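Asks: Dropping in upload.cif, which is mmCIF, N, CA and C atoms:
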data_upload
#
loop_
_atom_site.label_atom_id
_atom_site.label_comp_id
_atom_site.auth_asym_id
_atom_site.auth_seq_id
_atom_site.Cartn_x
_atom_site.Cartn_y
_atom_site.Cartn_z
N HIS A 5 13.51 8.83 3.15
CA HIS A 5 12.69 8.93 1.97
C HIS A 5 12.79 7.68 1.08
N GLN A 6 13.91 6.99 1.17
CA GLN A 6 14.08 5.79 0.34
C GLN A 6 12.98 4.78 0.60
N ARG A 7 12.68 4.55 1.85
CA ARG A 7 11.66 3.56 2.23
C ARG A 7 10.29 3.99 1.72
N ILE A 8 10.01 5.27 1.82
CA ILE A 8 8.72 5.80 1.36
C ILE A 8 8.58 5.61 -0.14
N TYR A 9 9.60 5.97 -0.90
CA TYR A 9 9.55 5.79 -2.35
C TYR A 9 9.40 4.31 -2.71
N GLY A 10 10.05 3.45 -1.93
CA GLY A 10 9.91 2.01 -2.17
C GLY A 10 8.49 1.54 -1.98
N ILE A 11 7.86 1.98 -0.90
CA ILE A 11 6.47 1.59 -0.61
C ILE A 11 5.53 2.12 -1.69
N VAL A 12 5.71 3.39 -2.04
CA VAL A 12 4.84 4.02 -3.04
C VAL A 12 4.96 3.32 -4.39
N SER A 13 6.15 2.80 -4.70
CA SER A 13 6.35 2.13 -5.99
C SER A 13 5.96 0.66 -5.96
N GLY A 14 5.36 0.21 -4.84
CA GLY A 14 4.88 -1.16 -4.76
C GLY A 14 5.89 -2.15 -4.21
N ASN A 15 6.97 -1.64 -3.63
CA ASN A 15 8.00 -2.50 -3.05
C ASN A 15 7.96 -2.37 -1.53
N GLU A 16 6.91 -2.97 -0.93
CA GLU A 16 6.69 -2.83 0.50
C GLU A 16 7.70 -3.61 1.34
N ASP A 17 8.18 -4.73 0.83
CA ASP A 17 9.08 -5.59 1.59
C ASP A 17 10.49 -5.01 1.63
N LEU A 18 11.10 -5.12 2.80
CA LEU A 18 12.47 -4.62 2.92
C LEU A 18 13.44 -5.34 1.98
N ASN A 19 13.21 -6.64 1.76
CA ASN A 19 14.14 -7.38 0.90
C ASN A 19 14.13 -6.86 -0.53
N ASP A 20 13.07 -6.14 -0.94
CA ASP A 20 13.03 -5.54 -2.27
C ASP A 20 14.14 -4.50 -2.44
N HIS A 21 14.56 -3.91 -1.34
CA HIS A 21 15.57 -2.84 -1.41
C HIS A 21 16.96 -3.37 -1.73
N ASN A 22 17.17 -4.67 -1.62
CA ASN A 22 18.46 -5.21 -2.06
C ASN A 22 18.64 -5.04 -3.56
N ASN A 23 17.54 -5.12 -4.30
CA ASN A 23 17.60 -4.86 -5.74
C ASN A 23 17.46 -3.38 -6.05
N LEU A 24 16.62 -2.68 -5.28
CA LEU A 24 16.39 -1.26 -5.52
C LEU A 24 17.60 -0.39 -5.21
N ARG A 25 18.53 -0.88 -4.41
CA ARG A 25 19.66 -0.04 -4.00
C ARG A 25 20.51 0.40 -5.18
N LYS A 26 20.40 -0.30 -6.31
CA LYS A 26 21.16 0.07 -7.51
C LYS A 26 20.27 0.73 -8.57
N ASP A 27 19.00 0.93 -8.25
CA ASP A 27 18.04 1.50 -9.21
C ASP A 27 18.38 2.96 -9.48
N GLU A 28 18.63 3.28 -10.75
CA GLU A 28 19.06 4.62 -11.13
C GLU A 28 17.98 5.68 -10.91
N ILE A 29 16.73 5.31 -11.12
CA ILE A 29 15.64 6.28 -10.92
C ILE A 29 15.49 6.61 -9.44
N LEU A 30 15.53 5.59 -8.60
CA LEU A 30 15.41 5.82 -7.16
C LEU A 30 16.59 6.64 -6.65
N LYS A 31 17.79 6.32 -7.15
CA LYS A 31 18.97 7.10 -6.74
C LYS A 31 18.83 8.56 -7.17
N ALA A 32 18.26 8.79 -8.35
CA ALA A 32 18.06 10.16 -8.83
C ALA A 32 17.04 10.89 -7.95
N LEU A 33 15.95 10.20 -7.58
CA LEU A 33 14.95 10.81 -6.70
C LEU A 33 15.56 11.22 -5.36
N LEU A 34 16.49 10.39 -4.88
CA LEU A 34 17.13 10.65 -3.59
C LEU A 34 18.38 11.52 -3.71
N ARG A 35 18.70 11.90 -4.97
CA ARG A 35 19.88 12.72 -5.26
C ARG A 35 21.17 12.09 -4.74
N LYS A 36 21.30 10.80 -5.04
CA LYS A 36 22.50 10.03 -4.64
C LYS A 36 23.23 9.56 -5.89
N ASN A 37 24.54 9.60 -5.85
CA ASN A 37 25.35 9.11 -6.97
C ASN A 37 25.85 7.69 -6.74
N THR A 38 25.76 7.22 -5.51
CA THR A 38 26.22 5.88 -5.17
C THR A 38 25.02 5.01 -4.81
N ASN A 39 25.27 3.72 -4.64
CA ASN A 39 24.19 2.81 -4.24
C ASN A 39 23.59 3.27 -2.93
N ILE A 40 22.28 3.08 -2.80
CA ILE A 40 21.58 3.50 -1.58
C ILE A 40 21.46 2.31 -0.63
N ALA A 41 20.80 2.51 0.49
CA ALA A 41 20.75 1.49 1.54
C ALA A 41 20.06 0.21 1.09
N GLY A 42 20.58 -0.90 1.57
CA GLY A 42 19.98 -2.21 1.34
C GLY A 42 19.02 -2.55 2.47
N SER A 43 18.47 -3.74 2.43
CA SER A 43 17.45 -4.13 3.41
C SER A 43 17.98 -4.16 4.84
N SER A 44 19.21 -4.62 5.06
CA SER A 44 19.72 -4.71 6.43
C SER A 44 19.87 -3.33 7.06
N THR A 45 20.32 -2.35 6.29
CA THR A 45 20.47 -0.99 6.80
C THR A 45 19.10 -0.39 7.11
N LEU A 46 18.15 -0.57 6.20
CA LEU A 46 16.80 -0.05 6.43
C LEU A 46 16.13 -0.73 7.62
N CYS A 47 16.39 -2.02 7.80
CA CYS A 47 15.83 -2.75 8.94
C CYS A 47 16.34 -2.18 10.25
N ARG A 48 17.65 -1.92 10.32
CA ARG A 48 18.21 -1.32 11.54
C ARG A 48 17.58 0.05 11.79
N TYR A 49 17.40 0.82 10.73
CA TYR A 49 16.79 2.14 10.86
C TYR A 49 15.35 2.04 11.37
N GLU A 50 14.57 1.14 10.81
CA GLU A 50 13.18 1.00 11.22
C GLU A 50 13.05 0.48 12.65
N ASN A 51 13.92 -0.41 13.06
CA ASN A 51 13.86 -0.94 14.42
C ASN A 51 14.28 0.10 15.45
N LYS A 52 14.97 1.12 15.00
CA LYS A 52 15.42 2.19 15.88
C LYS A 52 14.37 3.30 15.99
N ALA A 53 13.38 3.28 15.13
CA ALA A 53 12.38 4.35 15.06
C ALA A 53 11.58 4.46 16.35
N CYS A 54 11.31 5.69 16.75
CA CYS A 54 10.49 5.95 17.92
C CYS A 54 9.13 6.47 17.46
N ARG A 55 8.27 6.73 18.38
CA ARG A 55 6.91 7.20 18.05
C ARG A 55 6.97 8.50 17.24
N ASN A 56 7.85 9.42 17.64
CA ASN A 56 7.97 10.70 16.94
C ASN A 56 8.38 10.50 15.48
N ALA A 57 9.28 9.56 15.24
CA ALA A 57 9.70 9.28 13.86
C ALA A 57 8.53 8.75 13.03
N CYS A 58 7.69 7.91 13.63
CA CYS A 58 6.51 7.39 12.93
C CYS A 58 5.54 8.50 12.58
N VAL A 59 5.36 9.45 13.50
CA VAL A 59 4.48 10.59 13.23
C VAL A 59 5.04 11.41 12.08
N LEU A 60 6.34 11.67 12.09
CA LEU A 60 6.96 12.45 11.02
C LEU A 60 6.84 11.75 9.67
N MET A 61 7.04 10.42 9.65
CA MET A 61 6.90 9.67 8.40
C MET A 61 5.46 9.73 7.89
N SER A 62 4.50 9.67 8.80
CA SER A 62 3.10 9.77 8.40
C SER A 62 2.82 11.13 7.76
N LYS A 63 3.40 12.18 8.32
CA LYS A 63 3.23 13.51 7.74
C LYS A 63 3.79 13.58 6.33
N VAL A 64 4.94 12.93 6.11
CA VAL A 64 5.54 12.92 4.78
C VAL A 64 4.62 12.20 3.79
N PHE A 65 4.05 11.06 4.20
CA PHE A 65 3.11 10.34 3.33
C PHE A 65 1.94 11.24 2.93
N ILE A 66 1.36 11.93 3.91
CA ILE A 66 0.22 12.80 3.63
C ILE A 66 0.63 13.96 2.73
N GLU A 67 1.76 14.58 3.00
CA GLU A 67 2.23 15.70 2.17
C GLU A 67 2.48 15.25 0.73
N LYS A 68 3.11 14.10 0.55
CA LYS A 68 3.37 13.58 -0.80
C LYS A 68 2.06 13.28 -1.53
N PHE A 69 1.09 12.74 -0.79
CA PHE A 69 -0.21 12.44 -1.39
C PHE A 69 -0.88 13.73 -1.86
N ILE A 70 -0.89 14.75 -1.02
CA ILE A 70 -1.51 16.03 -1.37
C ILE A 70 -0.78 16.67 -2.55
N GLN A 71 0.55 16.58 -2.58
CA GLN A 71 1.33 17.15 -3.67
C GLN A 71 1.09 16.45 -5.00
N SER A 72 0.52 15.27 -4.96
CA SER A 72 0.28 14.53 -6.20
C SER A 72 -0.90 15.11 -7.00
N TYR A 73 -1.66 16.01 -6.41
CA TYR A 73 -2.77 16.68 -7.08
C TYR A 73 -2.33 18.02 -7.63
N LYS A 74 -2.88 18.40 -8.77
CA LYS A 74 -2.61 19.73 -9.33
C LYS A 74 -3.15 20.80 -8.39
N THR A 75 -4.36 20.57 -7.90
CA THR A 75 -4.97 21.45 -6.91
C THR A 75 -5.19 20.63 -5.65
N PRO A 76 -4.65 21.08 -4.52
CA PRO A 76 -4.81 20.29 -3.29
C PRO A 76 -6.28 20.08 -2.94
N PRO A 77 -6.61 18.88 -2.47
CA PRO A 77 -8.00 18.62 -2.09
C PRO A 77 -8.45 19.55 -0.96
N LYS A 78 -9.71 19.93 -0.97
CA LYS A 78 -10.24 20.79 0.09
C LYS A 78 -10.41 20.01 1.39
N LYS A 79 -10.65 18.71 1.24
CA LYS A 79 -10.87 17.88 2.42
C LYS A 79 -10.13 16.55 2.22
N LEU A 80 -9.55 16.06 3.29
CA LEU A 80 -8.85 14.79 3.26
C LEU A 80 -9.37 13.95 4.42
N ILE A 81 -9.96 12.81 4.11
CA ILE A 81 -10.51 11.94 5.14
C ILE A 81 -9.54 10.78 5.35
N LEU A 82 -9.08 10.64 6.56
CA LEU A 82 -8.18 9.55 6.93
C LEU A 82 -8.99 8.49 7.66
N ASP A 83 -9.05 7.31 7.09
CA ASP A 83 -9.84 6.22 7.65
C ASP A 83 -8.89 5.23 8.32
N PHE A 84 -8.75 5.33 9.62
CA PHE A 84 -7.85 4.45 10.36
C PHE A 84 -8.63 3.26 10.90
N LYS A 85 -8.10 2.09 10.66
CA LYS A 85 -8.70 0.87 11.19
C LYS A 85 -7.85 0.40 12.37
N LYS A 86 -8.49 -0.13 13.34
CA LYS A 86 -7.76 -0.65 14.48
C LYS A 86 -7.56 -2.15 14.29
N TYR A 87 -6.32 -2.56 14.27
CA TYR A 87 -6.00 -3.97 14.13
C TYR A 87 -5.53 -4.50 15.47
N ILE A 88 -6.12 -5.59 15.88
CA ILE A 88 -5.78 -6.17 17.17
C ILE A 88 -5.13 -7.54 16.92
N SER A 89 -3.98 -7.71 17.47
CA SER A 89 -3.29 -8.99 17.39
C SER A 89 -3.19 -9.59 18.77
N GLU A 90 -3.44 -10.85 18.87
CA GLU A 90 -3.31 -11.54 20.14
C GLU A 90 -2.07 -12.42 20.11
N TYR A 91 -1.27 -12.28 21.13
CA TYR A 91 -0.04 -13.08 21.23
C TYR A 91 -0.13 -13.94 22.47
N LYS A 92 0.19 -15.21 22.28
CA LYS A 92 0.23 -16.12 23.42
C LYS A 92 1.66 -16.18 23.92
N LEU A 93 1.81 -15.99 25.21
CA LEU A 93 3.14 -16.05 25.83
C LEU A 93 3.42 -17.40 26.41
#
Now that the file is in, can you turn its structure into C-alpha coordinates?
Replies:
Amino acid sequence: HQRIYGIVSGNEDLNDHNNLRKDEILKALLRKNTNIAGSSTLCRYENKACRNACVLMSKVFIEKFIQSYKTPPKKLILDFKKYISEYKL
(Lines of atoms letter the chains of each structure in order from A and count residues from 1; the text may use other names and numbers.)
(Lines give C-alpha, C1' and ligand atoms only; values in the text may rest on other atoms or scores of the structure.)
Protein backbone atom coordinates (compact mmCIF):
# COMPACT_ATOMS: atom_id res chain seq x y z
CA HIS A 1 0.00 0.00 0.00
CA GLN A 2 2.93 2.36 0.59
CA ARG A 3 3.75 2.50 -3.11
CA ILE A 4 0.12 3.12 -4.02
CA TYR A 5 -0.22 6.00 -1.55
CA GLY A 6 3.03 7.43 -2.91
CA ILE A 7 1.76 7.35 -6.49
CA VAL A 8 -1.62 8.81 -5.54
CA SER A 9 0.09 11.67 -3.69
CA GLY A 10 2.15 12.55 -6.78
CA ASN A 11 5.35 10.77 -5.78
CA GLU A 12 5.65 8.33 -8.68
CA ASP A 13 9.43 7.92 -8.52
CA LEU A 14 10.86 5.33 -6.18
CA ASN A 15 13.56 7.75 -5.03
CA ASP A 16 10.78 9.93 -3.56
CA HIS A 17 10.26 7.23 -0.94
CA ASN A 18 13.64 7.95 0.63
CA ASN A 19 12.07 11.15 1.94
CA LEU A 20 8.57 9.73 2.38
CA ARG A 21 9.78 6.90 4.63
CA LYS A 22 9.78 9.35 7.56
CA ASP A 23 6.51 11.09 6.60
CA GLU A 24 4.18 11.00 9.61
CA ILE A 25 0.97 11.12 7.57
CA LEU A 26 2.03 8.24 5.34
CA LYS A 27 3.11 6.23 8.38
CA ALA A 28 -0.29 6.89 9.97
CA LEU A 29 -2.10 5.76 6.80
CA LEU A 30 -0.07 2.56 6.86
CA ARG A 31 -0.52 2.19 10.64
CA LYS A 32 3.23 2.08 11.24
CA ASN A 33 5.08 3.57 14.20
CA THR A 34 8.52 3.23 12.65
CA ASN A 35 10.02 4.45 9.38
CA ILE A 36 8.58 2.70 6.35
CA ALA A 37 10.38 1.23 3.34
CA GLY A 38 12.85 3.28 1.34
CA SER A 39 13.40 3.18 -2.41
CA SER A 40 15.80 0.20 -2.41
CA THR A 41 13.34 -2.00 -0.50
CA LEU A 42 10.44 -0.99 -2.74
CA CYS A 43 12.58 -1.59 -5.83
CA ARG A 44 13.35 -5.14 -4.71
CA TYR A 45 9.66 -5.69 -4.04
CA GLU A 46 8.60 -4.38 -7.46
CA ASN A 47 11.22 -6.41 -9.31
CA LYS A 48 9.93 -9.51 -7.57
CA ALA A 49 6.32 -8.86 -8.60
CA CYS A 50 4.59 -11.40 -10.81
CA ARG A 51 1.61 -10.98 -13.10
CA ASN A 52 -0.82 -11.94 -10.32
CA ALA A 53 0.62 -9.24 -8.05
CA CYS A 54 0.12 -6.64 -10.80
CA VAL A 55 -3.51 -7.70 -11.20
CA LEU A 56 -4.07 -7.43 -7.44
CA MET A 57 -2.46 -3.97 -7.32
CA SER A 58 -4.70 -2.86 -10.20
CA LYS A 59 -7.74 -4.01 -8.24
CA VAL A 60 -6.60 -1.96 -5.24
CA PHE A 61 -6.24 1.16 -7.44
CA ILE A 62 -9.77 0.68 -8.80
CA GLU A 63 -11.25 0.00 -5.35
CA LYS A 64 -9.58 3.09 -3.87
CA PHE A 65 -10.82 5.19 -6.78
CA ILE A 66 -14.40 3.98 -6.32
CA GLN A 67 -14.19 4.53 -2.55
CA SER A 68 -13.25 8.16 -3.17
CA TYR A 69 -16.87 8.86 -4.19
CA LYS A 70 -19.70 9.34 -1.70
CA THR A 71 -21.88 7.26 -4.01
CA PRO A 72 -20.08 4.68 -6.15
CA PRO A 73 -20.29 5.40 -9.88
CA LYS A 74 -22.81 3.28 -11.79
CA LYS A 75 -20.34 2.82 -14.62
CA LEU A 76 -16.55 2.87 -14.75
CA ILE A 77 -14.82 3.07 -18.12
CA LEU A 78 -11.21 1.93 -18.20
CA ASP A 79 -9.35 3.31 -21.19
CA PHE A 80 -6.23 1.23 -21.73
CA LYS A 81 -3.68 2.38 -24.26
CA LYS A 82 -1.22 0.01 -25.79
CA TYR A 83 2.34 1.26 -25.63
CA ILE A 84 4.88 -0.39 -27.86
CA SER A 85 8.57 -0.07 -27.22
CA GLU A 86 11.19 -1.24 -29.65
CA TYR A 87 14.50 -2.46 -28.31
CA LYS A 88 17.55 -3.03 -30.43
CA LEU A 89 19.66 -5.97 -29.36
Asks: Given the choices A:Asn22, A:Arg55, A:Leu60, A:Gln6, which gets closest to A:Leu34 if the distance is worked out from only N, CA and C atoms?
Replies: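 Closest to A:Leu34, using only N, CA and C atoms: A:Gln6.
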Asks: Just list the residues in chain A DSSP gives helix (DSSP H, G or I) on the backbone, as a PDB file with N, CA and C atoms, in the coordinates of the input.
Replies:
ATOM      1  N   GLN A   6      13.910   6.990   1.170  1.00  0.00           N
ATOM      2  CA  GLN A   6      14.080   5.790   0.340  1.00  0.00           C
ATOM      3  C   GLN A   6      12.980   4.780   0.600  1.00  0.00           C
ATOM      4  N   ARG A   7      12.680   4.550   1.850  1.00  0.00           N
ATOM      5  CA  ARG A   7      11.660   3.560   2.230  1.00  0.00           C
ATOM      6  C   ARG A   7      10.290   3.990   1.720  1.00  0.00           C
ATOM      7  N   ILE A   8      10.010   5.270   1.820  1.00  0.00           N
ATOM      8  CA  ILE A   8       8.720   5.800   1.360  1.00  0.00           C
ATOM      9  C   ILE A   8       8.580   5.610  -0.140  1.00  0.00           C
ATOM     10  N   TYR A   9       9.600   5.970  -0.900  1.00  0.00           N
ATOM     11  CA  TYR A   9       9.550   5.790  -2.350  1.00  0.00           C
ATOM     12  C   TYR A   9       9.400   4.310  -2.710  1.00  0.00           C
ATOM     13  N   GLY A  10      10.050   3.450  -1.930  1.00  0.00           N
ATOM     14  CA  GLY A  10       9.910   2.010  -2.170  1.00  0.00           C
ATOM     15  C   GLY A  10       8.490   1.540  -1.980  1.00  0.00           C
ATOM     16  N   ILE A  11       7.860   1.980  -0.900  1.00  0.00           N
ATOM     17  CA  ILE A  11       6.470   1.590  -0.610  1.00  0.00           C
ATOM     18  C   ILE A  11       5.530   2.120  -1.690  1.00  0.00           C
ATOM     19  N   VAL A  12       5.710   3.390  -2.040  1.00  0.00           N
ATOM     20  CA  VAL A  12       4.840   4.020  -3.040  1.00  0.00           C
ATOM     21  C   VAL A  12       4.960   3.320  -4.390  1.00  0.00           C
ATOM     22  N   LEU A  18      11.100  -5.120   2.800  1.00  0.00           N
ATOM     23  CA  LEU A  18      12.470  -4.620   2.920  1.00  0.00           C
ATOM     24  C   LEU A  18      13.440  -5.340   1.980  1.00  0.00           C
ATOM     25  N   ASN A  19      13.210  -6.640   1.760  1.00  0.00           N
ATOM     26  CA  ASN A  19      14.140  -7.380   0.900  1.00  0.00           C
ATOM     27  C   ASN A  19      14.130  -6.860  -0.530  1.00  0.00           C
ATOM     28  N   ASP A  20      13.070  -6.140  -0.940  1.00  0.00           N
ATOM     29  CA  ASP A  20      13.030  -5.540  -2.270  1.00  0.00           C
ATOM     30  C   ASP A  20      14.140  -4.500  -2.440  1.00  0.00           C
ATOM     31  N   HIS A  21      14.560  -3.910  -1.340  1.00  0.00           N
ATOM     32  CA  HIS A  21      15.570  -2.840  -1.410  1.00  0.00           C
ATOM     33  C   HIS A  21      16.960  -3.370  -1.730  1.00  0.00           C
ATOM     34  N   ASN A  22      17.170  -4.670  -1.620  1.00  0.00           N
ATOM     35  CA  ASN A  22      18.460  -5.210  -2.060  1.00  0.00           C
ATOM     36  C   ASN A  22      18.640  -5.040  -3.560  1.00  0.00           C
ATOM     37  N   ASN A  23      17.540  -5.120  -4.300  1.00  0.00           N
ATOM     38  CA  ASN A  23      17.600  -4.860  -5.740  1.00  0.00           C
ATOM     39  C   ASN A  23      17.460  -3.380  -6.050  1.00  0.00           C
ATOM     40  N   LEU A  24      16.620  -2.680  -5.280  1.00  0.00           N
ATOM     41  CA  LEU A  24      16.390  -1.260  -5.520  1.00  0.00           C
ATOM     42  C   LEU A  24      17.600  -0.390  -5.210  1.00  0.00           C
ATOM     43  N   GLU A  28      18.630   3.280 -10.750  1.00  0.00           N
ATOM     44  CA  GLU A  28      19.060   4.620 -11.130  1.00  0.00           C
ATOM     45  C   GLU A  28      17.980   5.680 -10.910  1.00  0.00           C
ATOM     46  N   ILE A  29      16.730   5.310 -11.120  1.00  0.00           N
ATOM     47  CA  ILE A  29      15.640   6.280 -10.920  1.00  0.00           C
ATOM     48  C   ILE A  29      15.490   6.610  -9.440  1.00  0.00           C
ATOM     49  N   LEU A  30      15.530   5.590  -8.600  1.00  0.00           N
ATOM     50  CA  LEU A  30      15.410   5.820  -7.160  1.00  0.00           C
ATOM     51  C   LEU A  30      16.590   6.640  -6.650  1.00  0.00           C
ATOM     52  N   LYS A  31      17.790   6.320  -7.150  1.00  0.00           N
ATOM     53  CA  LYS A  31      18.970   7.100  -6.740  1.00  0.00           C
ATOM     54  C   LYS A  31      18.830   8.560  -7.170  1.00  0.00           C
ATOM     55  N   ALA A  32      18.260   8.790  -8.350  1.00  0.00           N
ATOM     56  CA  ALA A  32      18.060  10.160  -8.830  1.00  0.00           C
ATOM     57  C   ALA A  32      17.040  10.890  -7.950  1.00  0.00           C
ATOM     58  N   LEU A  33      15.950  10.200  -7.580  1.00  0.00           N
ATOM     59  CA  LEU A  33      14.950  10.810  -6.700  1.00  0.00           C
ATOM     60  C   LEU A  33      15.560  11.220  -5.360  1.00  0.00           C
ATOM     61  N   SER A  43      18.470  -3.740   2.430  1.00  0.00           N
ATOM     62  CA  SER A  43      17.450  -4.130   3.410  1.00  0.00           C
ATOM     63  C   SER A  43      17.980  -4.160   4.840  1.00  0.00           C
ATOM     64  N   SER A  44      19.210  -4.620   5.060  1.00  0.00           N
ATOM     65  CA  SER A  44      19.720  -4.710   6.430  1.00  0.00           C
ATOM     66  C   SER A  44      19.870  -3.330   7.060  1.00  0.00           C
ATOM     67  N   THR A  45      20.320  -2.350   6.290  1.00  0.00           N
ATOM     68  CA  THR A  45      20.470  -0.990   6.800  1.00  0.00           C
ATOM     69  C   THR A  45      19.100  -0.390   7.110  1.00  0.00           C
ATOM     70  N   LEU A  46      18.150  -0.570   6.200  1.00  0.00           N
ATOM     71  CA  LEU A  46      16.800  -0.050   6.430  1.00  0.00           C
ATOM     72  C   LEU A  46      16.130  -0.730   7.620  1.00  0.00           C
ATOM     73  N   CYS A  47      16.390  -2.020   7.800  1.00  0.00           N
ATOM     74  CA  CYS A  47      15.830  -2.750   8.940  1.00  0.00           C
ATOM     75  C   CYS A  47      16.340  -2.180  10.250  1.00  0.00           C
ATOM     76  N   ARG A  48      17.650  -1.920  10.320  1.00  0.00           N
ATOM     77  CA  ARG A  48      18.210  -1.320  11.540  1.00  0.00           C
ATOM     78  C   ARG A  48      17.580   0.050  11.790  1.00  0.00           C
ATOM     79  N   TYR A  49      17.400   0.820  10.730  1.00  0.00           N
ATOM     80  CA  TYR A  49      16.790   2.140  10.860  1.00  0.00           C
ATOM     81  C   TYR A  49      15.350   2.040  11.370  1.00  0.00           C
ATOM     82  N   GLU A  50      14.570   1.140  10.810  1.00  0.00           N
ATOM     83  CA  GLU A  50      13.180   1.000  11.220  1.00  0.00           C
ATOM     84  C   GLU A  50      13.050   0.480  12.650  1.00  0.00           C
ATOM     85  N   ASN A  51      13.920  -0.410  13.060  1.00  0.00           N
ATOM     86  CA  ASN A  51      13.860  -0.940  14.420  1.00  0.00           C
ATOM     87  C   ASN A  51      14.280   0.100  15.450  1.00  0.00           C
ATOM     88  N   LYS A  52      14.970   1.120  15.000  1.00  0.00           N
ATOM     89  CA  LYS A  52      15.420   2.190  15.880  1.00  0.00           C
ATOM     90  C   LYS A  52      14.370   3.300  15.990  1.00  0.00           C
ATOM     91  N   ARG A  55       8.270   6.730  18.380  1.00  0.00           N
ATOM     92  CA  ARG A  55       6.910   7.200  18.050  1.00  0.00           C
ATOM     93  C   ARG A  55       6.970   8.500  17.240  1.00  0.00           C
ATOM     94  N   ASN A  56       7.850   9.420  17.640  1.00  0.00           N
ATOM     95  CA  ASN A  56       7.970  10.700  16.940  1.00  0.00           C
ATOM     96  C   ASN A  56       8.380  10.500  15.480  1.00  0.00           C
ATOM     97  N   ALA A  57       9.280   9.560  15.240  1.00  0.00           N
ATOM     98  CA  ALA A  57       9.700   9.280  13.860  1.00  0.00           C
ATOM     99  C   ALA A  57       8.530   8.750  13.030  1.00  0.00           C
ATOM    100  N   CYS A  58       7.690   7.910  13.630  1.00  0.00           N
ATOM    101  CA  CYS A  58       6.510   7.390  12.930  1.00  0.00           C
ATOM    102  C   CYS A  58       5.540   8.500  12.580  1.00  0.00           C
ATOM    103  N   VAL A  59       5.360   9.450  13.500  1.00  0.00           N
ATOM    104  CA  VAL A  59       4.480  10.590  13.230  1.00  0.00           C
ATOM    105  C   VAL A  59       5.040  11.410  12.080  1.00  0.00           C
ATOM    106  N   LEU A  60       6.340  11.670  12.090  1.00  0.00           N
ATOM    107  CA  LEU A  60       6.960  12.450  11.020  1.00  0.00           C
ATOM    108  C   LEU A  60       6.840  11.750   9.670  1.00  0.00           C
ATOM    109  N   MET A  61       7.040  10.420   9.650  1.00  0.00           N
ATOM    110  CA  MET A  61       6.900   9.670   8.400  1.00  0.00           C
ATOM    111  C   MET A  61       5.460   9.730   7.890  1.00  0.00           C
ATOM    112  N   SER A  62       4.500   9.670   8.800  1.00  0.00           N
ATOM    113  CA  SER A  62       3.100   9.770   8.400  1.00  0.00           C
ATOM    114  C   SER A  62       2.820  11.130   7.760  1.00  0.00           C
ATOM    115  N   LYS A  63       3.400  12.180   8.320  1.00  0.00           N
ATOM    116  CA  LYS A  63       3.230  13.510   7.740  1.00  0.00           C
ATOM    117  C   LYS A  63       3.790  13.580   6.330  1.00  0.00           C
ATOM    118  N   VAL A  64       4.940  12.930   6.110  1.00  0.00           N
ATOM    119  CA  VAL A  64       5.540  12.920   4.780  1.00  0.00           C
ATOM    120  C   VAL A  64       4.620  12.200   3.790  1.00  0.00           C
ATOM    121  N   PHE A  65       4.050  11.060   4.200  1.00  0.00           N
ATOM    122  CA  PHE A  65       3.110  10.340   3.330  1.00  0.00           C
ATOM    123  C   PHE A  65       1.940  11.240   2.930  1.00  0.00           C
ATOM    124  N   ILE A  66       1.360  11.930   3.910  1.00  0.00           N
ATOM    125  CA  ILE A  66       0.220  12.800   3.630  1.00  0.00           C
ATOM    126  C   ILE A  66       0.630  13.960   2.730  1.00  0.00           C
ATOM    127  N   GLU A  67       1.760  14.580   3.000  1.00  0.00           N
ATOM    128  CA  GLU A  67       2.230  15.700   2.170  1.00  0.00           C
ATOM    129  C   GLU A  67       2.480  15.250   0.730  1.00  0.00           C
ATOM    130  N   LYS A  68       3.110  14.100   0.550  1.00  0.00           N
ATOM    131  CA  LYS A  68       3.370  13.580  -0.800  1.00  0.00           C
ATOM    132  C   LYS A  68       2.060  13.280  -1.530  1.00  0.00           C
ATOM    133  N   PHE A  69       1.090  12.740  -0.790  1.00  0.00           N
ATOM    134  CA  PHE A  69      -0.210  12.440  -1.390  1.00  0.00           C
ATOM    135  C   PHE A  69      -0.880  13.730  -1.860  1.00  0.00           C
ATOM    136  N   ILE A  70      -0.890  14.750  -1.020  1.00  0.00           N
ATOM    137  CA  ILE A  70      -1.510  16.030  -1.370  1.00  0.00           C
ATOM    138  C   ILE A  70      -0.780  16.670  -2.550  1.00  0.00           C
ATOM    139  N   GLN A  71       0.550  16.580  -2.580  1.00  0.00           N
ATOM    140  CA  GLN A  71       1.330  17.150  -3.670  1.00  0.00           C
ATOM    141  C   GLN A  71       1.090  16.450  -5.000  1.00  0.00           C
TER     142      GLN A  71
END
Asks: At what distance in Å, to one decimal, does atom C of A:Met61 lie from atom C of A:Asp20?
Replies: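 If I compute the distance from atom C of A:Asp20 to atom C of A:Met61, I get 19.6 Å.
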Asks: Got a sec: who's within 12 Å of A:Lys31, counting only C-alpha atoms, leaving out chain neighbours fewer than 2 positions off, as a ChimeraX atom specification?
Replies: /A:5-6,9-10,21,24-29,33-41
Asks: Mind telling me what the PyMOL selection byres (((chain A and resi 43 and name CA) around 6) and name CA) catches here, as a list in words?
Replies: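 On this input, the PyMOL selection byres (((chain A and resi 43 and name CA) around 6) and name CA) captures Leu18, Asn19, His21, Asn22, Gly42, Ser44, Thr45, Leu46 and Cys47 of chain A.
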Asks: What would the selection look like, as an NGL selection string, if the PyMOL selection byres (((chain A and resi 12 and name CA) around 12) and name CA) were run on the coordinates I just shared?
Replies: :A and (5-11 or 13-17 or 30 or 64-66 or 68-69 or 72)
